[in-house]
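File shown: my_file-v6.pdb. Contents: PDB, C-alpha atoms.
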ATOM      1  CA  MET F   1      -9.211  -4.552  -1.471
ATOM      2  CA  GLN F   2     -12.732  -3.882  -2.513
ATOM      3  CA  LEU F   3     -13.447  -3.467  -6.199
ATOM      4  CA  GLY F   4     -15.159  -0.102  -5.748
ATOM      5  CA  GLU F   5     -12.228   1.139  -3.696
ATOM      6  CA  LEU F   6      -9.848  -0.081  -6.367
ATOM      7  CA  GLN F   7     -11.728   2.012  -8.908
ATOM      8  CA  GLU F   8     -11.289   5.103  -6.701
ATOM      9  CA  TYR F   9      -7.526   4.600  -6.839
ATOM     10  CA  TYR F  10      -7.413   3.415 -10.444
ATOM     11  CA  GLY F  11      -6.180   6.848 -11.608
ATOM     12  CA  ALA F  12      -3.173   6.605  -9.289
ATOM     13  CA  PHE F  13      -2.282   3.182 -10.715
ATOM     14  CA  GLN F  14      -2.615   4.544 -14.235
ATOM     15  CA  GLN F  15      -0.308   7.432 -13.358
ATOM     16  CA  ALA F  16       2.227   4.952 -12.013
ATOM     17  CA  GLY F  17       2.000   3.071 -15.312
ATOM     18  CA  VAL F  18       0.557  -0.058 -13.743
ATOM     19  CA  GLN F  19      -2.285  -1.960 -15.355
ATOM     20  CA  VAL F  20      -4.927  -3.313 -12.993
ATOM     21  CA  TYR F  21      -6.792  -6.591 -13.465
ATOM     22  CA  GLY F  22      -9.350  -8.256 -11.256
ATOM     23  CA  VAL F  23      -9.195 -12.050 -11.473
ATOM     24  CA  SER F  24     -11.979 -14.341 -10.297
ATOM     25  CA  ILE F  25     -13.698 -17.615 -11.006
ATOM     26  CA  ASP F  26     -16.832 -15.846 -12.330
ATOM     27  CA  PRO F  27     -17.737 -16.176 -16.050
ATOM     28  CA  PRO F  28     -17.048 -13.256 -18.482
ATOM     29  CA  GLU F  29     -20.778 -12.400 -18.719
ATOM     30  CA  HIS F  30     -20.874 -11.846 -14.966
ATOM     31  CA  ASN F  31     -17.737  -9.695 -15.189
ATOM     32  CA  ALA F  32     -19.213  -7.580 -18.003
ATOM     33  CA  LEU F  33     -22.198  -6.736 -15.787
ATOM     34  CA  LEU F  34     -19.934  -6.153 -12.794
ATOM     35  CA  LYS F  35     -17.647  -3.827 -14.776
ATOM     36  CA  LYS F  36     -20.671  -1.851 -15.937
ATOM     37  CA  ARG F  37     -22.190  -1.684 -12.464
ATOM     38  CA  LEU F  38     -18.971  -0.528 -10.812
ATOM     39  CA  GLY F  39     -18.073   1.788 -13.708
ATOM     40  CA  ALA F  40     -14.652   0.156 -13.495
ATOM     41  CA  GLY F  41     -11.865   1.405 -15.751
ATOM     42  CA  TYR F  42      -9.804  -1.703 -15.116
ATOM     43  CA  GLU F  43     -10.419  -5.048 -16.763
ATOM     44  CA  PHE F  44     -11.726  -8.261 -15.230
ATOM     45  CA  LEU F  45     -10.270 -11.645 -16.124
ATOM     46  CA  SER F  46     -12.326 -14.788 -15.852
ATOM     47  CA  ASP F  47     -10.819 -18.087 -14.776
ATOM     48  CA  ALA F  48     -14.149 -19.915 -14.961
ATOM     49  CA  LYS F  49     -12.557 -23.393 -14.881
ATOM     50  CA  GLY F  50     -10.167 -22.359 -12.121
ATOM     51  CA  GLU F  51      -7.110 -23.595 -14.067
ATOM     52  CA  LEU F  52      -4.912 -20.638 -13.107
ATOM     53  CA  LEU F  53      -6.230 -20.720  -9.547
ATOM     54  CA  ASP F  54      -5.328 -24.413  -9.297
ATOM     55  CA  ALA F  55      -1.878 -23.766 -10.752
ATOM     56  CA  LEU F  56      -1.321 -21.051  -8.151
ATOM     57  CA  GLY F  57      -3.028 -22.889  -5.294
ATOM     58  CA  LEU F  58      -5.526 -20.063  -4.884
ATOM     59  CA  ARG F  59      -8.745 -22.016  -5.221
ATOM     60  CA  HIS F  60     -10.790 -22.100  -2.062
ATOM     61  CA  ARG F  61     -13.048 -25.154  -1.841
ATOM     62  CA  HIS F  62     -15.685 -24.086   0.602
ATOM     63  CA  TRP F  63     -18.904 -25.869  -0.222
ATOM     64  CA  PRO F  64     -19.387 -28.195  -3.222
ATOM     65  CA  GLY F  65     -20.082 -26.159  -6.358
ATOM     66  CA  MET F  66     -19.289 -22.907  -4.567
ATOM     67  CA  ASP F  67     -15.531 -22.681  -5.066
ATOM     68  CA  SER F  68     -14.034 -19.236  -4.869
ATOM     69  CA  THR F  69     -10.752 -17.387  -4.860
ATOM     70  CA  ILE F  70      -8.412 -16.881  -1.935
ATOM     71  CA  PRO F  71      -8.086 -13.083  -2.077
ATOM     72  CA  THR F  72      -4.513 -12.300  -3.115
ATOM     73  CA  GLN F  73      -2.800  -9.283  -4.638
ATOM     74  CA  CYS F  74       0.134  -9.742  -6.909
ATOM     75  CA  LEU F  75       2.260  -7.016  -8.488
ATOM     76  CA  LEU F  76       4.133  -8.092 -11.627
ATOM     77  CA  ASP F  77       6.977  -6.164 -13.243
ATOM     78  CA  SER F  78       7.149  -5.916 -17.033
ATOM     79  CA  THR F  79       9.307  -9.070 -17.223
ATOM     80  CA  GLY F  80       6.539 -11.033 -15.487
ATOM     81  CA  ARG F  81       8.241 -11.472 -12.142
ATOM     82  CA  ILE F  82       6.266 -11.171  -8.923
ATOM     83  CA  ARG F  83       7.479  -8.092  -7.059
ATOM     84  CA  TRP F  84       4.893  -7.760  -4.290
ATOM     85  CA  LEU F  85       2.367 -10.120  -2.767
ATOM     86  CA  HIS F  86      -0.431  -9.708  -0.288
ATOM     87  CA  ARG F  87      -2.013 -12.809   1.169
ATOM     88  CA  VAL F  88      -4.623 -13.204   3.864
ATOM     89  CA  GLU F  89      -5.862 -15.983   6.127
ATOM     90  CA  THR F  90      -9.485 -14.835   6.053
ATOM     91  CA  TRP F  91     -11.643 -13.358   3.323
ATOM     92  CA  ARG F  92     -12.694 -10.639   5.754
ATOM     93  CA  VAL F  93      -9.398  -8.787   5.267
ATOM     94  CA  ARG F  94      -8.089  -7.177   2.052
ATOM     95  CA  PRO F  95      -5.355  -4.608   1.606
ATOM     96  CA  HIS F  96      -6.219  -1.000   0.850
ATOM     97  CA  PRO F  97      -5.157   0.129  -2.651
ATOM     98  CA  ARG F  98      -2.827   2.578  -0.858
ATOM     99  CA  GLU F  99      -0.774  -0.410   0.348
ATOM    100  CA  ALA F 100      -0.197  -1.600  -3.221
ATOM    101  CA  LEU F 101       0.711   1.943  -4.286
ATOM    102  CA  GLN F 102       3.093   2.241  -1.356
ATOM    103  CA  ALA F 103       4.759  -1.073  -2.248
ATOM    104  CA  LEU F 104       5.075   0.163  -5.821
ATOM    105  CA  ALA F 105       6.672   3.434  -4.692
ATOM    106  CA  GLU F 106       9.136   1.535  -2.476
ATOM    107  CA  LEU F 107      10.093  -0.807  -5.307
ATOM    108  CA  GLU F 108      10.638   2.115  -7.669
ATOM    109  CA  GLN F 109      12.719   3.942  -5.091
ATOM    110  CA  ARG F 110      14.884   0.882  -4.555
ATOM    111  CA  SER F 111      15.385   0.289  -8.247
ATOM    112  CA  THR F 112      16.359   3.940  -8.868
ATOM    113  CA  CYS F 113      18.839   3.708  -5.959
ATOM    114  CA  GLY F 114      20.365   0.730  -7.705
ATOM    115  CA  ALA F 115      19.647  -1.646  -4.822
ATOM    116  CA  VAL F 116      17.521  -3.873  -7.011
ATOM    117  CA  THR F 117      19.219  -4.053 -10.362
ATOM    118  CA  THR F 118      18.197  -7.630 -10.950
ATOM    119  CA  PRO F 119      15.021  -9.131  -9.515
ATOM    120  CA  GLU F 120      15.932 -11.047  -6.382
ATOM    121  CA  ARG F 121      14.051 -13.263  -4.005
ATOM    122  CA  GLU F 122      12.410 -11.467  -1.118
ATOM    123  CA  GLU F 123      10.369 -12.640   1.817
ATOM    124  CA  PRO F 124       6.630 -12.354   1.105
ATOM    125  CA  THR F 125       4.848  -9.650   3.035
ATOM    126  CA  PRO F 126       3.162 -11.251   6.065
ATOM    127  CA  ALA F 127      -0.604 -11.371   5.763
TER
ATOM    128  CA  MET N 128     -30.241 -20.486   1.824
ATOM    129  CA  ALA N 129     -31.768 -17.031   1.319
ATOM    130  CA  VAL N 130     -35.235 -18.468   2.013
ATOM    131  CA  TYR N 131     -34.074 -19.629   5.423
ATOM    132  CA  ALA N 132     -32.574 -16.214   6.178
ATOM    133  CA  PHE N 133     -35.618 -14.229   5.030
ATOM    134  CA  VAL N 134     -38.330 -16.505   6.438
ATOM    135  CA  LEU N 135     -36.734 -18.101   9.465
ATOM    136  CA  GLY N 136     -34.893 -14.909  10.515
ATOM    137  CA  PRO N 137     -37.996 -12.711  11.022
ATOM    138  CA  VAL N 138     -39.908 -15.620  12.616
ATOM    139  CA  VAL N 139     -37.149 -16.119  15.190
ATOM    140  CA  VAL N 140     -36.835 -12.372  15.873
ATOM    141  CA  ILE N 141     -40.609 -11.801  16.189
ATOM    142  CA  GLY N 142     -40.981 -14.903  18.349
ATOM    143  CA  TRP N 143     -38.184 -13.754  20.603
ATOM    144  CA  LEU N 144     -39.591 -10.195  20.894
ATOM    145  CA  THR N 145     -43.039 -11.575  21.765
ATOM    146  CA  ALA N 146     -41.570 -13.879  24.388
ATOM    147  CA  ALA N 147     -39.436 -11.078  25.830
ATOM    148  CA  VAL N 148     -42.512  -8.819  26.160
ATOM    149  CA  LEU N 149     -44.986 -11.440  27.418
ATOM    150  CA  LEU N 150     -42.782 -13.396  29.810
ATOM    151  CA  PRO N 151     -42.248 -11.887  33.274
ATOM    152  CA  GLY N 152     -38.967  -9.996  33.505
ATOM    153  CA  PRO N 153     -36.293 -10.783  36.092
ATOM    154  CA  ALA N 154     -37.213  -9.863  39.653
ATOM    155  CA  ASP N 155     -33.795  -8.370  40.361
ATOM    156  CA  PRO N 156     -33.481  -4.914  38.708
ATOM    157  CA  VAL N 157     -29.704  -5.421  38.298
ATOM    158  CA  VAL N 158     -30.339  -8.591  36.293
ATOM    159  CA  HIS N 159     -33.101  -6.795  34.374
ATOM    160  CA  TYR N 160     -30.843  -3.995  33.147
ATOM    161  CA  LEU N 161     -27.794  -6.198  32.642
ATOM    162  CA  SER N 162     -29.854  -8.610  30.522
ATOM    163  CA  LEU N 163     -31.009  -5.666  28.395
ATOM    164  CA  LEU N 164     -27.377  -4.593  28.032
ATOM    165  CA  ALA N 165     -26.467  -8.165  27.027
ATOM    166  CA  ALA N 166     -29.124  -8.012  24.294
ATOM    167  CA  VAL N 167     -27.778  -4.691  22.988
ATOM    168  CA  ALA N 168     -24.231  -6.099  23.021
ATOM    169  CA  GLY N 169     -25.375  -9.199  21.098
ATOM    170  CA  PHE N 170     -27.047  -7.108  18.396
ATOM    171  CA  SER N 171     -24.038  -4.795  18.203
ATOM    172  CA  ALA N 172     -21.905  -7.834  17.318
ATOM    173  CA  VAL N 173     -24.059  -8.273  14.193
ATOM    174  CA  ALA N 174     -23.597  -4.593  13.321
ATOM    175  CA  GLY N 175     -19.852  -5.080  13.862
ATOM    176  CA  LEU N 176     -19.736  -7.897  11.319
ATOM    177  CA  LEU N 177     -21.551  -5.791   8.692
ATOM    178  CA  HIS N 178     -19.142  -2.939   9.400
ATOM    179  CA  GLY N 179     -16.199  -5.301   8.960
ATOM    180  CA  ALA N 180     -17.615  -6.692   5.716
ATOM    181  CA  LEU N 181     -17.869  -3.189   4.275
ATOM    182  CA  HIS N 182     -14.325  -2.237   5.236
ATOM    183  CA  LEU N 183     -12.536  -5.607   4.814
ATOM    184  CA  ARG N 184      -9.773  -4.355   7.067
ATOM    185  CA  TYR N 185     -10.190  -5.964  10.454
ATOM    186  CA  ARG N 186      -8.575  -9.264  11.276
ATOM    187  CA  TYR N 187     -10.530  -9.092  14.537
ATOM    188  CA  PRO N 188     -13.572  -6.822  13.921
ATOM    189  CA  PRO N 189     -13.607  -4.709  17.129
ATOM    190  CA  LEU N 190     -17.365  -4.557  17.651
ATOM    191  CA  VAL N 191     -17.802  -8.294  17.054
ATOM    192  CA  ILE N 192     -15.158  -9.097  19.650
ATOM    193  CA  THR N 193     -16.273  -6.584  22.310
ATOM    194  CA  GLY N 194     -20.040  -6.834  21.667
ATOM    195  CA  GLY N 195     -20.017 -10.623  21.501
ATOM    196  CA  GLY N 196     -17.721 -10.971  24.500
ATOM    197  CA  LEU N 197     -19.797  -8.563  26.578
ATOM    198  CA  CYS N 198     -22.971 -10.425  25.591
ATOM    199  CA  PHE N 199     -21.535 -13.789  26.725
ATOM    200  CA  LEU N 200     -20.166 -12.424  30.007
ATOM    201  CA  LEU N 201     -23.305 -10.479  30.952
ATOM    202  CA  SER N 202     -25.569 -13.395  30.025
ATOM    203  CA  ALA N 203     -23.496 -15.776  32.121
ATOM    204  CA  PHE N 204     -23.581 -13.357  35.062
ATOM    205  CA  CYS N 205     -27.350 -12.813  34.791
ATOM    206  CA  LEU N 206     -28.077 -16.545  34.552
ATOM    207  CA  TRP N 207     -25.804 -17.234  37.509
ATOM    208  CA  ARG N 208     -27.513 -14.545  39.579
ATOM    209  CA  GLU N 209     -31.062 -15.560  38.666
ATOM    210  CA  PRO N 210     -31.282 -18.959  36.957
ATOM    211  CA  SER N 211     -34.680 -19.213  35.239
ATOM    212  CA  LEU N 212     -36.115 -20.412  31.951
ATOM    213  CA  GLU N 213     -37.660 -16.971  31.306
ATOM    214  CA  LEU N 214     -34.271 -15.301  31.564
ATOM    215  CA  LEU N 215     -32.692 -17.939  29.346
ATOM    216  CA  ILE N 216     -35.347 -17.319  26.665
ATOM    217  CA  ARG N 217     -34.802 -13.561  27.055
ATOM    218  CA  LEU N 218     -31.068 -13.990  26.473
ATOM    219  CA  SER N 219     -31.276 -16.748  23.855
ATOM    220  CA  LEU N 220     -31.391 -14.616  20.686
ATOM    221  CA  PRO N 221     -28.536 -12.258  21.653
ATOM    222  CA  ILE N 222     -26.403 -15.263  22.677
ATOM    223  CA  LEU N 223     -27.295 -17.082  19.446
ATOM    224  CA  LEU N 224     -26.460 -14.059  17.287
ATOM    225  CA  ALA N 225     -23.211 -13.262  19.084
ATOM    226  CA  GLY N 226     -22.271 -16.942  18.885
ATOM    227  CA  MET N 227     -22.976 -17.013  15.147
ATOM    228  CA  MET N 228     -20.846 -13.907  14.639
ATOM    229  CA  TRP N 229     -17.942 -15.420  16.571
ATOM    230  CA  PHE N 230     -18.290 -18.714  14.687
ATOM    231  CA  TYR N 231     -18.207 -16.826  11.392
ATOM    232  CA  CYS N 232     -15.206 -14.729  12.424
ATOM    233  CA  PHE N 233     -13.081 -17.478  13.915
ATOM    234  CA  HIS N 234     -14.062 -20.436  11.751
ATOM    235  CA  LEU N 235     -16.280 -19.962   8.687
ATOM    236  CA  SER N 236     -14.435 -16.991   7.202
ATOM    237  CA  MET N 237     -10.970 -18.513   7.659
ATOM    238  CA  PHE N 238      -9.267 -20.523   4.950
ATOM    239  CA  GLY N 239      -8.061 -23.088   7.471
ATOM    240  CA  GLY N 240      -4.462 -22.920   6.264
ATOM    241  CA  ALA N 241      -5.412 -23.241   2.568
ATOM    242  CA  GLU N 242      -3.802 -19.821   1.995
ATOM    243  CA  ARG N 243      -0.414 -21.340   2.832
ATOM    244  CA  ASN N 244      -0.713 -23.730  -0.138
ATOM    245  CA  SER N 245      -0.368 -20.820  -2.539
ATOM    246  CA  ARG N 246       2.525 -21.382  -4.918
ATOM    247  CA  LEU N 247       3.219 -17.681  -5.366
ATOM    248  CA  SER N 248       6.371 -16.140  -4.006
ATOM    249  CA  VAL N 249       8.114 -12.836  -4.525
ATOM    250  CA  GLY N 250      10.854 -12.954  -7.146
ATOM    251  CA  ASP N 251       9.387 -15.921  -9.036
ATOM    252  CA  PRO N 252       8.127 -15.551 -12.595
ATOM    253  CA  PHE N 253       4.353 -15.603 -12.868
ATOM    254  CA  PRO N 254       3.180 -18.712 -14.763
ATOM    255  CA  GLU N 255       1.708 -18.650 -18.272
ATOM    256  CA  PHE N 256      -2.051 -18.349 -18.500
ATOM    257  CA  CYS N 257      -4.871 -17.638 -20.901
ATOM    258  CA  LEU N 258      -7.984 -16.065 -19.404
ATOM    259  CA  LEU N 259     -11.067 -14.396 -20.888
ATOM    260  CA  ASP N 260     -11.715 -10.726 -20.246
ATOM    261  CA  SER N 261     -15.191  -9.232 -19.818
ATOM    262  CA  ARG N 262     -15.577  -8.961 -23.640
ATOM    263  CA  ASN N 263     -14.791 -12.687 -24.003
ATOM    264  CA  GLN N 264     -11.367 -11.891 -25.514
ATOM    265  CA  PRO N 265      -8.435 -14.108 -24.514
ATOM    266  CA  VAL N 266      -5.698 -12.452 -22.452
ATOM    267  CA  THR N 267      -2.386 -14.279 -22.047
ATOM    268  CA  ARG N 268       0.579 -13.519 -19.858
ATOM    269  CA  SER N 269       2.509 -11.972 -22.763
ATOM    270  CA  THR N 270      -0.366  -9.796 -24.044
ATOM    271  CA  LEU N 271      -0.914  -8.615 -20.481
ATOM    272  CA  LEU N 272       2.756  -7.770 -19.899
ATOM    273  CA  SER N 273       3.083  -5.951 -23.231
ATOM    274  CA  GLY N 274       1.263  -3.099 -21.463
ATOM    275  CA  GLY N 275       3.907  -2.868 -18.717
ATOM    276  CA  PRO N 276       3.774  -3.804 -15.025
ATOM    277  CA  ALA N 277       0.460  -5.132 -13.756
ATOM    278  CA  LEU N 278      -1.402  -5.530 -10.492
ATOM    279  CA  LEU N 279      -3.444  -8.728 -10.399
ATOM    280  CA  VAL N 280      -6.189  -8.668  -7.808
ATOM    281  CA  PHE N 281      -7.579 -12.134  -7.104
ATOM    282  CA  TYR N 282     -10.828 -11.234  -5.444
ATOM    283  CA  LYS N 283     -13.911 -12.783  -3.936
ATOM    284  CA  GLY N 284     -17.258 -11.011  -3.703
ATOM    285  CA  ASP N 285     -18.282  -8.278  -6.068
ATOM    286  CA  TRP N 286     -18.705  -5.047  -4.166
TER
END
Just give me the structure of the file as structure tokens.
Amino acid sequence: MQLGELQEYYGAFQQAGVQVYGVSIDPPEHNALLKKRLGAGYEFLSDAKGELLDALGLRHRHWPGMDSTIPTQCLLDSTGRIRWLHRVETWRVRPHPREALQALAELEQRSTCGAVTTPEREEPTPA
Amino acid sequence: MAVYAFVLGPVVVIGWLTAAVLLPGPADPVVHYLSLLAAVAGFSAVAGLLHGALHLRYRYPPLVITGGGLCFLLSAFCLWREPSLELLIRLSLPILLAGMMWFYCFHLSMFGGAERNSRLSVGDPFPEFCLLDSRNQPVTRSTLLSGGPALLVFYKGDW
């Protein structure tokens, strides 16, 4: 999803009680400018050395010195478990924030119905 | 990189426009109009890629596929009907642009399977981390989760 688009839907995430973080390989100074430019309410996290990206296998080595992130969305519950994932095979496609909100609504519905009392393994959503 | 795009780009476009105006057009009116249509289709493929980049929603950007495809087919037909160097020069820029757009869509913008190496899967705990926020303050997994559920958006590009 685009960062500007994410900001448009940030209120809906706040209402749902979900914190939103953008993670990239850019340094904090870049993110401070970006946050200001976008007027973003959500926070940006900087993984300038790419340690987390390497641990998750999300570093994309394109050209030397121009590494970037494989765009991925990851919804964590308050215990730190991954509850929803969105992966892509090209950087030209990102999910719309509505898709994350929909996944969130479905998860909440399932947990209130008692179907998911304990976090269980699920198939990742196809990209 | 940008220098090439901003200097070489206009030079190629102006050179092509000059050649297209100065060189004699195809004798066959069918080839004449179809070659113009091929040029429009080639340029529309570029517009299709920009449209796709703004929306980030199309696995196969529709205008890139149709515009590019139409450009290739019409160019091939025109060159088959009236093979000449003038016509080839006339069609060269649209073919080049449509080809670049297809190359970008089907090769350059793909991760080449790297996305399958991701070690994330639903149901697994997210690993520990310590990252810096935009105020240079460290954020760890536990400080992040103390605020409740979280959506982490690993992104590329900053628009």
Please identify every residue of chain F that has at least one atom no farther than 7 Å from an atom of chain N, counting all atoms listed in the file, and for each give the shortest atom pair and the distance in Å to one decimal, arranged by chain then increasing number, as CSV.
residue,atom,partner,partner_atom,distance
F:Gln2,CA,N:Trp286,CA,6.3
F:Leu3,CA,N:Trp286,CA,5.9
F:Gly4,CA,N:Trp286,CA,6.3
F:Val18,CA,N:Ala277,CA,5.1
F:Gln19,CA,N:Ala277,CA,4.5
F:Val20,CA,N:Leu278,CA,4.9
F:Tyr21,CA,N:Leu279,CA,5.0
F:Gly22,CA,N:Val280,CA,4.7
F:Val23,CA,N:Phe281,CA,4.7
F:Ser24,CA,N:Phe281,CA,5.9
F:Pro28,CA,N:Ser261,CA,4.6
F:Glu29,CA,N:Ser261,CA,6.5
F:Asn31,CA,N:Ser261,CA,5.3
F:Ala32,CA,N:Ser261,CA,4.7
F:Glu43,CA,N:Asp260,CA,6.8
F:Phe44,CA,N:Asp260,CA,5.6
F:Leu45,CA,N:Asp260,CA,4.5
F:Ser46,CA,N:Leu259,CA,5.2
F:Asp47,CA,N:Leu258,CA,5.8
F:Leu52,CA,N:Phe256,CA,6.5
F:Leu56,CA,N:Arg246,CA,5.0
F:Gly57,CA,N:Ser245,CA,4.4
F:Leu58,CA,N:Ser245,CA,5.7
F:Ser68,CA,N:Lys283,CA,6.5
F:Thr69,CA,N:Lys283,CA,5.7
F:Ile70,CA,N:Glu242,CA,6.7
F:Pro71,CA,N:Tyr282,CA,4.7
F:Thr72,CA,N:Phe281,CA,5.0
F:Gln73,CA,N:Val280,CA,4.7
F:Cys74,CA,N:Leu279,CA,5.1
F:Leu75,CA,N:Leu278,CA,4.4
F:Leu76,CA,N:Ala277,CA,5.2
F:Asp77,CA,N:Pro276,CA,4.4
F:Ser78,CA,N:Pro276,CA,4.5
F:Gly80,CA,N:Pro252,CA,5.6
F:Arg81,CA,N:Pro252,CA,4.1
F:Ile82,CA,N:Val249,CA,5.1
F:Arg83,CA,N:Val249,CA,5.4
F:Trp84,CA,N:Val249,CA,6.0
F:Leu85,CA,N:Val249,CA,6.6
F:Val88,CA,N:Glu242,CA,6.9
F:Glu89,CA,N:Phe238,CA,5.8
F:Thr90,CA,N:Met237,CA,4.3
F:Trp91,CA,N:Ser236,CA,6.0
F:Arg92,CA,N:Leu183,CA,5.1
F:Val93,CA,N:Leu183,CA,4.5
F:Arg94,CA,N:Leu183,CA,5.5
F:Pro119,CA,N:Gly250,CA,6.1
F:Glu120,CA,N:Gly250,CA,5.5
F:Arg121,CA,N:Gly250,CA,4.5
F:Glu122,CA,N:Val249,CA,5.7
F:Glu123,CA,N:Val249,CA,6.7
F:Pro124,CA,N:Val249,CA,5.8
- Task: Could you check how far atom CA of N:Trp143 sits from atom CA of N:Phe170, in Å to one decimal?
- Result: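 Spanning atom CA of N:Trp143 to atom CA of N:Phe170 is a straight-line distance of 13.2 Å.
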- In Å, how far is it from atom CA of N:Leu206 to atom CA of N:Ala132? 28.7 Å
- Message: Just the number, please: distance in Å from atom CA of F:His30 to atom CA of F:Glu51, one decimal.
- Response: 18.1 Å
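Residues matched by the PyMOL selection byres ((chain F and resi 97-106) around 8) in this file are F:Met1, F:Glu5, F:Leu6, F:Tyr9, F:Ala12, F:Phe13, F:Leu75, F:Trp84, F:Pro95, F:His96, F:Leu107, F:Glu108, F:Gln109, F:Arg110.
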- Task: Within 12 Å of (-29.7, -5.2, 23.2) (coordinates as in the file), grab all the protein and nucleic acid residues, counting all atoms listed in the file, and write them out as a PyMOL selection string.
- Result: chain N and resi 144+147+159-174+194-195+197-198+201-202+217-222+224-225
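With only C-alpha atoms as the atoms that count, the minimum distance from N:Leu150 to the choices N:Leu223, N:Ile216, N:Met228, N:Leu177 is reached by N:Ile216.
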- Message: When you look at F:Lys49 with a cut-off of 10 Å (counting only C-alpha atoms), what residues show up, excluding the ones that are within fewer than 6 positions of it in the same chain? I need them as a list in words.
- Response: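 Answer for this query is Ile25, Asp26 and Pro27 of chain F; Leu258 of chain N.
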